[in-house]
Amino acid sequence: MTLRENCRYGVAAPTSMGVRITPPNGAPVHTSNQFFMQATSAETNVINVSASLGFPGLALTNFVAGSPISQFIRGELRRRGIDYAGPDIPQGGPWGYRHQFNIADSGYGTRGPRVHNDRAGEVGRILNAENFDFEDIFGKQGVQILHLSGLVGALSPESSRFCLDVARAAKRHGTRISFDLNYRATFWKGREDELRAVFTEIASMADILAGNEEDFQLCLGLEGPKAGGKDLAAQIDAFKEMIETVKASFPNASIYGTTLRQVISVGEHLWGAITLFDDEWTVIEPRPIQILDRIGGGDGFVGGLLYGILKGFSPEQCTGFAWASGALATTTLDDYATPADEDMVWSILKGNARVQR
C-alpha cells in the first residue's frame, strides 16, 4: 500500500474522549473505594501504538470548557505523543455536557470482567465539521492514515455526519482510510437503516477494514456465515468466507484483519489473528497469553497493524506486529499498548520473556 509522504501525522482519528476508572488489583467496582483513572477512547488506543514509536498522532475531538477532566485528558494525550484539535464546548451548567466515564471491573479468577459506560451528556456526540479545518489538517499538514471507528460513527446522528465529512476530506487529499466496524447493538437500536447507509459509504472509501464476520454482516447488511463461536478453526473459516463476500461489494479495500480470542480464564486467553493483504492470507494460530486486563487488546491489534503499514512491513510482519501489540495491551492496566520500542513487540511475538539488562 502506497502512503502519502512528508506528512506531519502518521494516524489521525475522530474520537470522543473520556476517562476510564478501574479498581486496583483486580477488585470489583461495587466494593472498591480506590480507582486508577486514565484518559481513554478506542480511537486514541489505536493511535497510541504508532505514536509511541515515532509517528505523531492526531485526535479530532471536542472538549468541555473549564472542565478539570478535560484538562486531565489534554495532559494525558500530550504525554502519549498525540496532538489534538477541536473546540472547547461550554458545559452549559451542571446538567450540560461532559466527558464520558468508563467504569471497569477487570475481573479476577472466576469473576469475569464487567464494564459500565456512563455516557449521558457526552460532548463527543456533537462533533461538527464546522469546528475543524480539514484543508489545513489533511492538505497542508498531511495525514498518512485516517482511522475511523464504528463506535464514534454510531454515537449520534451528529457524530455519524462528522465521520462522513472527515472521511470525504481525507479521501480528497489522498489519505488512506482505516475503518474498524466495532458494531454495538445498543448504539444501533432504532437507527439501523440510517447507520447502515453511513457505514456503507465509509466502507466504500476504506483501504483497510477491521472487524469480525458478525461486524461485517450487521454493519453492512451482507449475508455471510454464522459466527464461529468458541471453535477457533471455525472462526478462521467464517472470517475468510465473509471477506470474500466483502471484497465483491467493497473493492476499494485491500487489507482486512481481525483477532481470534478464546477465554480460558480471566487471566489466560488463547489469542490469534488473521489478515488478508490483497490476495495473501496470514494466520497466527491462537496461542496462550497471560492477561492483566483484557480491555484494549483489539485496539492494540489494529494499532499494531497500522504501524506495520506505516513502516512498510510485509503482510506477515504486519500481522505478527499487530498480534503482539494486542497482546502487549493486555499486560498493562491501561487499555492501550505503549511499546518502549519495536523490540518489545517482536519479543512478545517470539515468546521471549527473558529479562533484558
# chains A, B, ... in the order shown; residues from 1 in each chain; ligands from 1
$ select_by_dssp --residues "segment 239-302 of chain A" --states "alpha helix (DSSP H)" --output "count of residues only"
17
$ residues_around --residues "Leu333 of chain A" --least-positions-apart "3" --cutoff "8 Å" --atoms "only C-alpha atoms" --output "PyMOL selection string"
chain A and resi 292-293+330
$ residues_around --residues "Pro28 of chain A" --least-positions-apart "4" --cutoff "9 Å" --atoms "only C-alpha atoms" --output "ChimeraX atom specification"
/A:22-24,32,104-108,111,113-114
$ write_last_selection --atoms "all heavy atoms" --output "compact mmCIF listing (two decimals), in the first residue's frame"
# COMPACT_ATOMS: atom_id res chain seq x y z
N THR A 22 -10.70 2.23 37.10
CA THR A 22 -10.59 0.80 37.36
C THR A 22 -10.05 0.58 38.76
O THR A 22 -9.04 1.19 39.13
CB THR A 22 -9.62 0.14 36.36
OG1 THR A 22 -9.94 0.57 35.03
CG2 THR A 22 -9.69 -1.36 36.44
N PRO A 23 -10.66 -0.28 39.56
CA PRO A 23 -10.09 -0.59 40.87
C PRO A 23 -8.74 -1.29 40.70
O PRO A 23 -8.55 -2.05 39.75
CB PRO A 23 -11.12 -1.54 41.50
CG PRO A 23 -12.38 -1.32 40.73
CD PRO A 23 -11.94 -0.97 39.34
N PRO A 24 -7.80 -1.06 41.61
CA PRO A 24 -6.51 -1.76 41.52
C PRO A 24 -6.64 -3.22 41.94
O PRO A 24 -7.60 -3.62 42.60
CB PRO A 24 -5.63 -0.97 42.50
CG PRO A 24 -6.59 -0.41 43.50
CD PRO A 24 -7.85 -0.12 42.74
N SER A 32 -15.23 -1.28 45.87
CA SER A 32 -13.96 -0.56 45.89
C SER A 32 -14.13 0.90 46.29
O SER A 32 -15.15 1.51 46.02
CB SER A 32 -13.28 -0.63 44.51
OG SER A 32 -12.99 -1.96 44.16
N ALA A 104 -14.75 0.25 34.90
CA ALA A 104 -14.38 -1.10 34.51
C ALA A 104 -13.94 -1.96 35.68
O ALA A 104 -13.09 -1.56 36.48
CB ALA A 104 -13.26 -1.04 33.47
N ASP A 105 -14.50 -3.14 35.76
CA ASP A 105 -14.06 -4.20 36.65
C ASP A 105 -13.25 -5.16 35.79
O ASP A 105 -13.79 -5.79 34.87
CB ASP A 105 -15.29 -4.89 37.26
CG ASP A 105 -14.96 -6.12 38.10
OD1 ASP A 105 -13.79 -6.55 38.11
OD2 ASP A 105 -15.89 -6.65 38.73
N SER A 106 -11.96 -5.28 36.03
CA SER A 106 -11.10 -6.12 35.19
C SER A 106 -11.35 -7.61 35.40
O SER A 106 -10.94 -8.43 34.57
CB SER A 106 -9.62 -5.83 35.49
OG SER A 106 -9.32 -4.48 35.23
N GLY A 107 -12.04 -7.96 36.47
CA GLY A 107 -12.26 -9.36 36.78
C GLY A 107 -11.05 -9.99 37.44
O GLY A 107 -9.93 -9.45 37.39
N TYR A 108 -11.29 -11.13 38.03
CA TYR A 108 -10.18 -11.85 38.66
C TYR A 108 -10.62 -13.30 38.88
O TYR A 108 -11.73 -13.56 39.37
CB TYR A 108 -9.78 -11.21 39.98
CG TYR A 108 -8.49 -11.75 40.56
CD1 TYR A 108 -7.26 -11.23 40.17
CD2 TYR A 108 -8.50 -12.81 41.46
CE1 TYR A 108 -6.07 -11.72 40.68
CE2 TYR A 108 -7.31 -13.31 41.98
CZ TYR A 108 -6.10 -12.77 41.59
OH TYR A 108 -4.92 -13.27 42.08
N ARG A 111 -14.24 -14.62 38.51
CA ARG A 111 -15.15 -13.49 38.34
C ARG A 111 -14.80 -12.77 37.04
O ARG A 111 -13.72 -12.20 36.91
CB ARG A 111 -15.04 -12.52 39.53
CG ARG A 111 -16.15 -11.46 39.54
CD ARG A 111 -15.90 -10.38 40.59
NE ARG A 111 -14.88 -9.44 40.19
CZ ARG A 111 -13.69 -9.35 40.75
NH1 ARG A 111 -13.33 -10.14 41.74
NH2 ARG A 111 -12.80 -8.45 40.31
N PRO A 113 -14.82 -10.03 33.85
CA PRO A 113 -14.81 -8.56 33.78
C PRO A 113 -16.21 -8.00 33.55
O PRO A 113 -17.07 -8.64 32.94
CB PRO A 113 -13.92 -8.28 32.56
CG PRO A 113 -13.14 -9.53 32.34
CD PRO A 113 -14.02 -10.65 32.79
N ARG A 114 -16.43 -6.79 34.03
CA ARG A 114 -17.68 -6.07 33.78
C ARG A 114 -17.33 -4.62 33.46
O ARG A 114 -16.51 -4.01 34.14
CB ARG A 114 -18.61 -6.10 34.99
CG ARG A 114 -19.19 -7.46 35.31
CD ARG A 114 -20.25 -7.37 36.39
NE ARG A 114 -20.93 -8.63 36.62
CZ ARG A 114 -22.04 -8.77 37.34
NH1 ARG A 114 -22.57 -7.70 37.93
NH2 ARG A 114 -22.59 -9.95 37.50
$ select_by_dssp --residues "segment 49-105 of chain A" --states "strand (DSSP E)" --output "MDAnalysis selection string"
chainID A and resid 57:60 63:64 82:85 88:89 100:105
$ write_last_selection --atoms "C-alpha atoms" --output "PDB file, in the first residue's frame"
ATOM      1  CA  GLY A  57      -0.872  11.108  16.081  1.00  0.00           C
ATOM      2  CA  LEU A  58      -3.844  13.470  15.999  1.00  0.00           C
ATOM      3  CA  ALA A  59      -7.167  13.199  17.848  1.00  0.00           C
ATOM      4  CA  LEU A  60     -10.085  15.157  16.366  1.00  0.00           C
ATOM      5  CA  PHE A  63     -13.548  19.275  24.944  1.00  0.00           C
ATOM      6  CA  VAL A  64     -15.664  20.679  27.757  1.00  0.00           C
ATOM      7  CA  ILE A  82      -0.906  12.524  20.487  1.00  0.00           C
ATOM      8  CA  ASP A  83      -1.828  16.031  19.335  1.00  0.00           C
ATOM      9  CA  TYR A  84      -5.442  17.163  19.435  1.00  0.00           C
ATOM     10  CA  ALA A  85      -7.661  19.533  17.515  1.00  0.00           C
ATOM     11  CA  ASP A  88     -13.988  23.884  23.815  1.00  0.00           C
ATOM     12  CA  ILE A  89     -17.732  23.470  24.265  1.00  0.00           C
ATOM     13  CA  GLN A 100     -17.943  10.100  29.318  1.00  0.00           C
ATOM     14  CA  PHE A 101     -16.953   7.773  32.161  1.00  0.00           C
ATOM     15  CA  ASN A 102     -15.992   4.167  31.538  1.00  0.00           C
ATOM     16  CA  ILE A 103     -16.170   2.231  34.810  1.00  0.00           C
ATOM     17  CA  ALA A 104     -14.379  -1.101  34.505  1.00  0.00           C
ATOM     18  CA  ASP A 105     -14.057  -4.200  36.649  1.00  0.00           C
TER      19      ASP A 105
END
$ atom_distance --atom1 "atom CA of Arg119 of chain A" --atom2 "atom CA of Ser160 of chain A"
16.5 Å
